Amino acid sequence: MSESLPTASRSDLSRRHWLGGAAGLCLLGGWQSPVFAEPRVLPGYVAWKDASALEEHSHLALETRRSAVGSSVITPASQLFVRSHLPPPEARILSDRDAWVLQTAGLKQARDITLGELRDLGLETVATVLQSAGNGRAFIPGKVNGLPWGVGAAGCVVWSGVPLRRVVSALGGLDPAARFITATGAEVLPEGIDPLSLLPERSVPLLALDDALLAWEMNGEPLPLAHGGPLRLIVPGYYAENQIKYIRRLAFTEQESAARMMARDYRLTPMGAEPGPGDAPLWEMDLKSWINSPAPGGRALKPGLVRVLGVAFGGTRAVRQVEVSVDGGQRWGVAQFSGPDLGRFAWRQFVFETELRTGSHVLACRVTDAEGREQPRLRTDNAGGFANNSWLDHAIKVQVA
């Protein structure tokens, strides 16, 4: 499934109309946030979330508002973005979580295994950035297919569950031909269609085995339905689309999945080309950072000391350093980390204090990971508007008066 929805709601259309007319607000590839209307009542499966912290693109796509990102490293479940390709299964699947059955294949002793049995195999906890591959698409000028995510299709989450390597060991080890981890979700498919056209199934390379886990807990609570409960595959450092919700089948396969979600969607397809399995898949996340405060499009700041806050992460690599510029990238200063280091898959929050005079200022940030890779100035254009980690696109303009 691509990020574009089969049928756009009125809110989707109005949002896209606003973006289409936002050329005058673009600056260095970035944009100024609109003033959001009063939040509506959220759909039933996410009615427990904080509506004031979320922008609703559709009933299956909720984005965390930049203004809602606080100074704590972990994103509260009530404020975490939601992206689904199909409606979630019925809530009754959570009535007896331990009875949930996971089918396995590609293992020497493959069998069905319950969540209750999985709990007995081991436990690990990991903090990771959960980010849609389309995050940052809204900053790309012109028409790009897909939901207009700003920076809010991302959060930092603590997951608990059984390491996938423990499951493999308990079931006799891998089939020698296995090259991919292929996970399938339990969403109900519409009748009368080719199942492969909508099947929620993705494959990731076997090298992800060491870090992946089957999670049943999120931020210290049982995994909610909106985020894949009762059981979800977590692949730290990979885009969220690979982290299949309601995982029903776990297979270790010789080939990638033939489902459209794997074979055509979520790939780096060149502009103007037809997507296909030959395009690079969106697996590991790129390093990225952005500024959350001061928020773009907000009130004018007072001259004097300004505190710039943001987040930075390195995908599968730890963060080494974050730099901030207040003049559009001409000069840079090193920011300070402002919170705990929760490991290489989590984001780091940073703070940069500076004096700003009256006038317009372009604020930008860039991250360097532990291996010395630096966040790029420019994005890699592609048909889906995926993986935009350009610091220039994410730069914001503020007024000081």
# chains A, B, ... in the order shown; residues from 1 in each chain; ligands from 1
$ select_by_dssp --residues "segment 56-120 of chain A" --states "strand (DSSP E or B)" --output "count of residues only"
17
$ residues_around --residues "Leu209 of chain A" --least-positions-apart "4" --cutoff "12 Å" --atoms "only C-alpha atoms" --output "MDAnalysis selection string"
chainID A and resid 162:169 174 178:182 203:205 213:214 233:236 252
$ select_by_dssp --residues "segment 74-272 of chain A" --states "alpha helix (DSSP H)" --output "ChimeraX atom specification"
/A:115-119,164-170,260-263
$ residues_around --residues "Ser197 of chain A" --least-positions-apart "4" --cutoff "10 Å" --atoms "only C-alpha atoms" --output "NGL selection string"
:A and (1 or 189 or 193 or 258-261 or 263-264)
$ atom_distance --atom1 "atom CA of Pro281 of chain A" --atom2 "atom CA of Thr64 of chain A"
25.6 Å
